[in-house]
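First comes the structure, then the notes that go with it.
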Amino acid sequence: MTPALLVKDLDYSYPDGHRALGGIDLRVEPGERVAVLGPNGAGKTTLVLHLNGVLSGGGGHVEVAGLAVRRRSLPEIRRRVGVVFQDPDDQLFMPTVAEDVAFGPRNFGVPEAELDQRVARALEAVGMAAHADRSPMHLSFGQRRRAALATVLACDPEILVLDEPSSNLEPVARRELAELLLSLGRTMLMVTHDLPFALQLCPRSVLVDDGVVVADGPTRELLADAGLLAAHRLELPWGFRLD
Ligand SMILES: Nc1ncnc2c1ncn2[C@@H]1O[C@H](COP(=O)(O)OP(=O)(O)OP(=O)(O)O)[C@@H](O)[C@H]1O
């Protein structure tokens, strides 16, 4: 079966010479939901930015749905993989939320007659329908995160990549987000520091530290390994029980 995501020996140093990835290997099958765990500075965001070609030029190989991530394949890659960035302000730049959500599907050629419905559905899904005509600049951070997710959902990508989707969300919004993501039935790769969220959503986790994969397996098994968590500065919330 063609993997949804294939990363082979990915190596990347930023222009200042800092080596962020030192040979990452990762294979995600269609339909899998995989969490990427790891301490601050481990290289998780750097990895994510390679999956839709925002970063490139290092060593190794990245494929999305069998298609190598290269400059000429980027339009097709970005149609297939939707990335929700850590900072929603990287994703919101139009005068209103609705225009931001319409931007992606319009670019991908969705007919105007279908656009309003797509936008409404995406905003409804993230609980932001009431804010459609507001300026993204006037939204709270948690609202901007939800609007940014709507911009990606509206494009209906077959693979979703989310960088810390649950951060800064109130508990109800976090639960609703978990329910929404589970209901989508998409292949998902999710960077998160929220270990209970990873456990709830992702049967499999990959632990990245210092630019390499140090563990890969069932989320429950990784989280039950106290020594592994401690060695990589990960910690379950106080009082959280795995059973
Ligand atoms: N633009 C940049 N220029 C130079 N170094 C960078 C740049 N962006 C990130 N880095 C470095 O690359 C390494 C990996 O960063 P990255 O953002 O991928 O980590 P992360 O695992 O996503 O961390 P966090 O959990 O804090 O978001 C870090 O040491 C970071 O300091």
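Labels used: A, B, ... for chains in the order of the structure tokens, numbers from 1 for residues in each chain, and numbers from 1 for ligands as shown.
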
Ligand 1: which residues are within 6 Å, counting only C-alpha atoms and all ligand atoms, as an NGL selection string? :A and (14 or 16 or 18 or 20 or 39-46)

Tell me which protein, DNA and RNA residues are within 9 Å of Leu51 of chain A, counting only C-alpha atoms, leaving out same-chain ones fewer than 2 positions away, and put them as a CSV table (one decimal) with C-alpha atoms, in the first residue's frame.
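Produced file result_0.csv, reproduced below:
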chain,number,residue,atom,x,y,z
A,5,LEU,CA,3.4,10.0,4.5
A,7,VAL,CA,9.9,10.4,5.5
A,47,LEU,CA,9.5,18.0,10.5
A,48,VAL,CA,5.9,19.3,9.9
A,49,LEU,CA,7.1,22.1,7.7
A,53,GLY,CA,7.3,21.9,1.3
A,54,VAL,CA,7.5,25.0,3.5
A,55,LEU,CA,11.0,23.9,4.3
A,62,VAL,CA,9.7,13.2,1.8
A,63,GLU,CA,6.6,11.7,0.0
A,64,VAL,CA,2.9,12.5,0.4
A,69,VAL,CA,7.6,16.8,-2.1
A,77,ILE,CA,0.9,18.2,-2.4
A,81,VAL,CA,-2.1,17.5,2.8
A,83,VAL,CA,-1.3,21.7,7.6
A,161,VAL,CA,-1.2,17.6,9.8

Which residue is closest to Ser183 of chain A? Choose from A:Leu139, A:Ala125, A:Ala132, A:Phe93 and count only C-alpha atoms. A:Ala125

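Excluding segment 111-120 of chain A itself and any same-chain residue fewer than 2 positions from it, the protein and nucleic acid residues within 8 Å of it, counting only C-alpha atoms, are A:Ala98, A:Val101, A:Ala102, A:Pro105, A:Arg106, A:Gly109, A:Ala122, A:Leu123, A:Glu124, A:Ala129, A:Ala150, A:Ala154.
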
Any chance you can output those residues with N, CA and C atoms as a PDB file, in the first residue's frame?
ATOM      1  N   ALA A  98     -14.549  34.578   7.160  1.00  0.00           N
ATOM      2  CA  ALA A  98     -15.165  33.837   6.053  1.00  0.00           C
ATOM      3  C   ALA A  98     -14.289  33.913   4.794  1.00  0.00           C
ATOM      4  N   VAL A 101     -11.420  31.548   5.161  1.00  0.00           N
ATOM      5  CA  VAL A 101     -11.813  30.144   5.005  1.00  0.00           C
ATOM      6  C   VAL A 101     -12.098  29.829   3.529  1.00  0.00           C
ATOM      7  N   ALA A 102     -12.585  30.824   2.793  1.00  0.00           N
ATOM      8  CA  ALA A 102     -12.890  30.619   1.364  1.00  0.00           C
ATOM      9  C   ALA A 102     -11.619  30.600   0.505  1.00  0.00           C
ATOM     10  N   PRO A 105     -10.110  26.829  -0.682  1.00  0.00           N
ATOM     11  CA  PRO A 105     -10.929  26.122  -1.676  1.00  0.00           C
ATOM     12  C   PRO A 105     -11.095  26.902  -2.977  1.00  0.00           C
ATOM     13  N   ARG A 106     -11.170  28.239  -2.891  1.00  0.00           N
ATOM     14  CA  ARG A 106     -11.288  29.042  -4.136  1.00  0.00           C
ATOM     15  C   ARG A 106     -10.037  28.835  -4.989  1.00  0.00           C
ATOM     16  N   GLY A 109      -9.959  25.776  -6.947  1.00  0.00           N
ATOM     17  CA  GLY A 109     -10.912  25.681  -8.040  1.00  0.00           C
ATOM     18  C   GLY A 109     -12.314  25.243  -7.655  1.00  0.00           C
ATOM     19  N   ALA A 122     -17.363  24.477   7.386  1.00  0.00           N
ATOM     20  CA  ALA A 122     -16.081  24.458   8.104  1.00  0.00           C
ATOM     21  C   ALA A 122     -16.169  25.311   9.373  1.00  0.00           C
ATOM     22  N   LEU A 123     -16.820  26.475   9.265  1.00  0.00           N
ATOM     23  CA  LEU A 123     -16.923  27.348  10.446  1.00  0.00           C
ATOM     24  C   LEU A 123     -17.842  26.733  11.496  1.00  0.00           C
ATOM     25  N   GLU A 124     -18.894  26.094  11.035  1.00  0.00           N
ATOM     26  CA  GLU A 124     -19.813  25.398  11.946  1.00  0.00           C
ATOM     27  C   GLU A 124     -19.048  24.287  12.691  1.00  0.00           C
ATOM     28  N   ALA A 129     -19.143  29.801  13.533  1.00  0.00           N
ATOM     29  CA  ALA A 129     -20.095  30.352  12.556  1.00  0.00           C
ATOM     30  C   ALA A 129     -20.484  31.789  12.906  1.00  0.00           C
ATOM     31  N   ALA A 150     -10.402  25.850  10.488  1.00  0.00           N
ATOM     32  CA  ALA A 150     -11.483  25.903   9.484  1.00  0.00           C
ATOM     33  C   ALA A 150     -10.924  26.162   8.087  1.00  0.00           C
ATOM     34  N   ALA A 154     -11.874  23.413   5.207  1.00  0.00           N
ATOM     35  CA  ALA A 154     -12.644  23.825   4.021  1.00  0.00           C
ATOM     36  C   ALA A 154     -12.014  23.303   2.736  1.00  0.00           C
TER      37      ALA A 154
END

Considering only C-alpha atoms, return as a PyMOL selection string whatever protein or nucleic-acid residues lie within 7 Å of Glu158 of chain A, sequence-local ones (same chain, fewer than 4 positions apart) excluded. chain A and resi 80-81+186-187

File dump, residues just selected, C-alpha atoms, as an mmCIF file, in the first residue's frame:
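The resulting file, again_29.cif, is reproduced below:
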data_model
loop_
_atom_site.group_PDB
_atom_site.id
_atom_site.type_symbol
_atom_site.label_atom_id
_atom_site.label_comp_id
_atom_site.auth_asym_id
_atom_site.auth_seq_id
_atom_site.Cartn_x
_atom_site.Cartn_y
_atom_site.Cartn_z
ATOM 1 C CA ARG A 80 -3.653 16.513 -0.440
ATOM 2 C CA VAL A 81 -2.122 17.523 2.850
ATOM 3 C CA ARG A 186 -8.769 11.255 7.965
ATOM 4 C CA THR A 187 -5.135 10.297 8.083
#

Each segment 32-94 of chain A residue no farther than 6 Å from segment 202-223 of chain A, nearest pair in Å, only C-alpha atoms, as CSV:
residue,atom,partner,partner_atom,distance
A:Arg33,CA,A:Cys202,CA,4.9
A:Val34,CA,A:Arg204,CA,5.0
A:Ala35,CA,A:Ser205,CA,4.5
A:Val36,CA,A:Val206,CA,4.9
A:Leu37,CA,A:Leu207,CA,4.7
A:Gly38,CA,A:Val208,CA,5.0
A:Ala42,CA,A:Asp209,CA,4.5
A:Gly43,CA,A:Gly211,CA,5.1

What are the DSSP strand (DSSP E or B) residues of chain A, as a ChimeraX atom specification? /A:5-13,19-28,33-37,59-64,67-68,81-84,159-163,187-191,204-209,212-218

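When atom CA of Asp25 of chain A is paired with atom CA of Leu6 of chain A, their separation reads 7.8 Å.
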
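Within the 8 Å cut-off around Cys155 of chain A, using only C-alpha atoms and omitting residues fewer than 4 positions from it on the same chain, the listed residues are A:Arg79, A:Gly82, A:Gly104, A:Pro105, A:Phe108, A:Thr151.
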
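In this structure, atom CA of Leu236 of chain A sits 10.7 Å away from atom CA of Phe197 of chain A.
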
What parts of chain A does DSSP call helix (DSSP H, G or I)? I'd like the answer as a PyMOL selection string. chain A and resi 44-51+71-80+88-90+97-107+112-125+129-131+136-138+141-153+171-184+195-201+219-224+226-231

Output C-alpha atoms for every residue in the selection just made, as a short mmCIF file (atom, residue, chain, number, x, y, z; two decimals), in the first residue's frame.
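What follows is the written file part.cif:
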data_model
loop_
_atom_site.label_atom_id
_atom_site.label_comp_id
_atom_site.auth_asym_id
_atom_site.auth_seq_id
_atom_site.Cartn_x
_atom_site.Cartn_y
_atom_site.Cartn_z
CA LYS A 44 8.74 18.49 15.55
CA THR A 45 7.68 21.70 13.80
CA THR A 46 10.68 21.48 11.48
CA LEU A 47 9.48 18.01 10.47
CA VAL A 48 5.92 19.25 9.89
CA LEU A 49 7.15 22.12 7.72
CA HIS A 50 8.75 19.58 5.38
CA LEU A 51 5.48 17.73 4.80
CA ARG A 71 8.82 22.46 -5.90
CA ARG A 72 6.91 21.35 -9.00
CA SER A 73 4.62 18.99 -7.07
CA LEU A 74 3.73 21.54 -4.36
CA PRO A 75 0.29 22.53 -5.70
CA GLU A 76 -0.77 18.86 -5.74
CA ILE A 77 0.90 18.16 -2.37
CA ARG A 78 -0.91 21.10 -0.75
CA ARG A 79 -4.22 19.86 -2.12
CA ARG A 80 -3.65 16.51 -0.44
CA PRO A 88 -2.78 30.75 13.55
CA ASP A 89 -1.53 34.14 12.40
CA ASP A 90 0.53 32.30 9.76
CA VAL A 97 -12.80 35.01 8.82
CA ALA A 98 -15.16 33.84 6.05
CA GLU A 99 -12.84 35.20 3.35
CA ASP A 100 -9.90 33.43 4.97
CA VAL A 101 -11.81 30.14 5.01
CA ALA A 102 -12.89 30.62 1.36
CA PHE A 103 -9.34 31.42 0.21
CA GLY A 104 -7.99 27.84 0.04
CA PRO A 105 -10.93 26.12 -1.68
CA ARG A 106 -11.29 29.04 -4.14
CA ASN A 107 -7.60 28.64 -5.02
CA GLU A 112 -18.22 29.87 -6.35
CA ALA A 113 -21.70 28.31 -6.00
CA GLU A 114 -20.26 25.68 -3.64
CA LEU A 115 -17.97 28.01 -1.70
CA ASP A 116 -20.49 29.56 0.70
CA GLN A 117 -21.64 26.13 1.80
CA ARG A 118 -18.06 24.89 2.30
CA VAL A 119 -17.18 27.95 4.36
CA ALA A 120 -20.32 27.65 6.47
CA ARG A 121 -19.72 23.95 7.08
CA ALA A 122 -16.08 24.46 8.10
CA LEU A 123 -16.92 27.35 10.45
CA GLU A 124 -19.81 25.40 11.95
CA ALA A 125 -17.51 22.41 12.54
CA ALA A 129 -20.10 30.35 12.56
CA ALA A 130 -21.04 33.41 14.59
CA HIS A 131 -17.68 35.02 13.82
CA PRO A 136 -9.36 37.61 12.33
CA MET A 137 -7.26 40.35 13.94
CA HIS A 138 -10.03 41.00 16.44
CA PHE A 141 -6.03 33.48 20.28
CA GLY A 142 -8.21 30.41 20.84
CA GLN A 143 -10.74 31.71 18.28
CA ARG A 144 -7.95 32.34 15.77
CA ARG A 145 -6.73 28.76 16.27
CA ARG A 146 -10.20 27.48 15.47
CA ALA A 147 -10.52 29.76 12.45
CA ALA A 148 -7.13 28.53 11.18
CA LEU A 149 -8.36 24.94 11.46
CA ALA A 150 -11.48 25.90 9.48
CA THR A 151 -9.30 27.29 6.66
CA VAL A 152 -7.77 23.82 6.30
CA LEU A 153 -10.98 21.80 6.79
CA PRO A 171 -11.63 22.57 28.05
CA VAL A 172 -14.95 22.47 26.17
CA ALA A 173 -13.33 23.59 22.90
CA ARG A 174 -10.57 21.01 23.40
CA ARG A 175 -13.13 18.23 23.86
CA GLU A 176 -15.13 19.44 20.85
CA LEU A 177 -11.92 19.54 18.79
CA ALA A 178 -11.13 15.94 19.77
CA GLU A 179 -14.65 14.86 18.75
CA LEU A 180 -14.40 16.77 15.48
CA LEU A 181 -10.99 15.33 14.56
CA LEU A 182 -12.15 11.79 15.35
CA SER A 183 -15.29 12.28 13.26
CA LEU A 184 -13.30 13.30 10.17
CA LEU A 195 -0.30 13.69 26.18
CA PRO A 196 -3.91 12.86 27.19
CA PHE A 197 -5.05 14.41 23.88
CA ALA A 198 -2.53 12.23 22.01
CA LEU A 199 -3.82 9.17 23.86
CA GLN A 200 -7.44 9.99 23.09
CA LEU A 201 -6.88 10.62 19.38
CA THR A 219 0.62 5.63 22.38
CA ARG A 220 -0.50 3.82 25.52
CA GLU A 221 2.76 1.84 25.67
CA LEU A 222 4.93 4.91 25.18
CA LEU A 223 3.04 6.84 27.84
CA ALA A 224 3.27 3.92 30.28
CA ALA A 226 7.98 6.36 32.85
CA GLY A 227 11.71 6.07 32.14
CA LEU A 228 11.25 6.95 28.47
CA LEU A 229 9.06 9.96 29.32
CA ALA A 230 11.50 11.24 31.93
CA ALA A 231 14.48 10.81 29.61
#
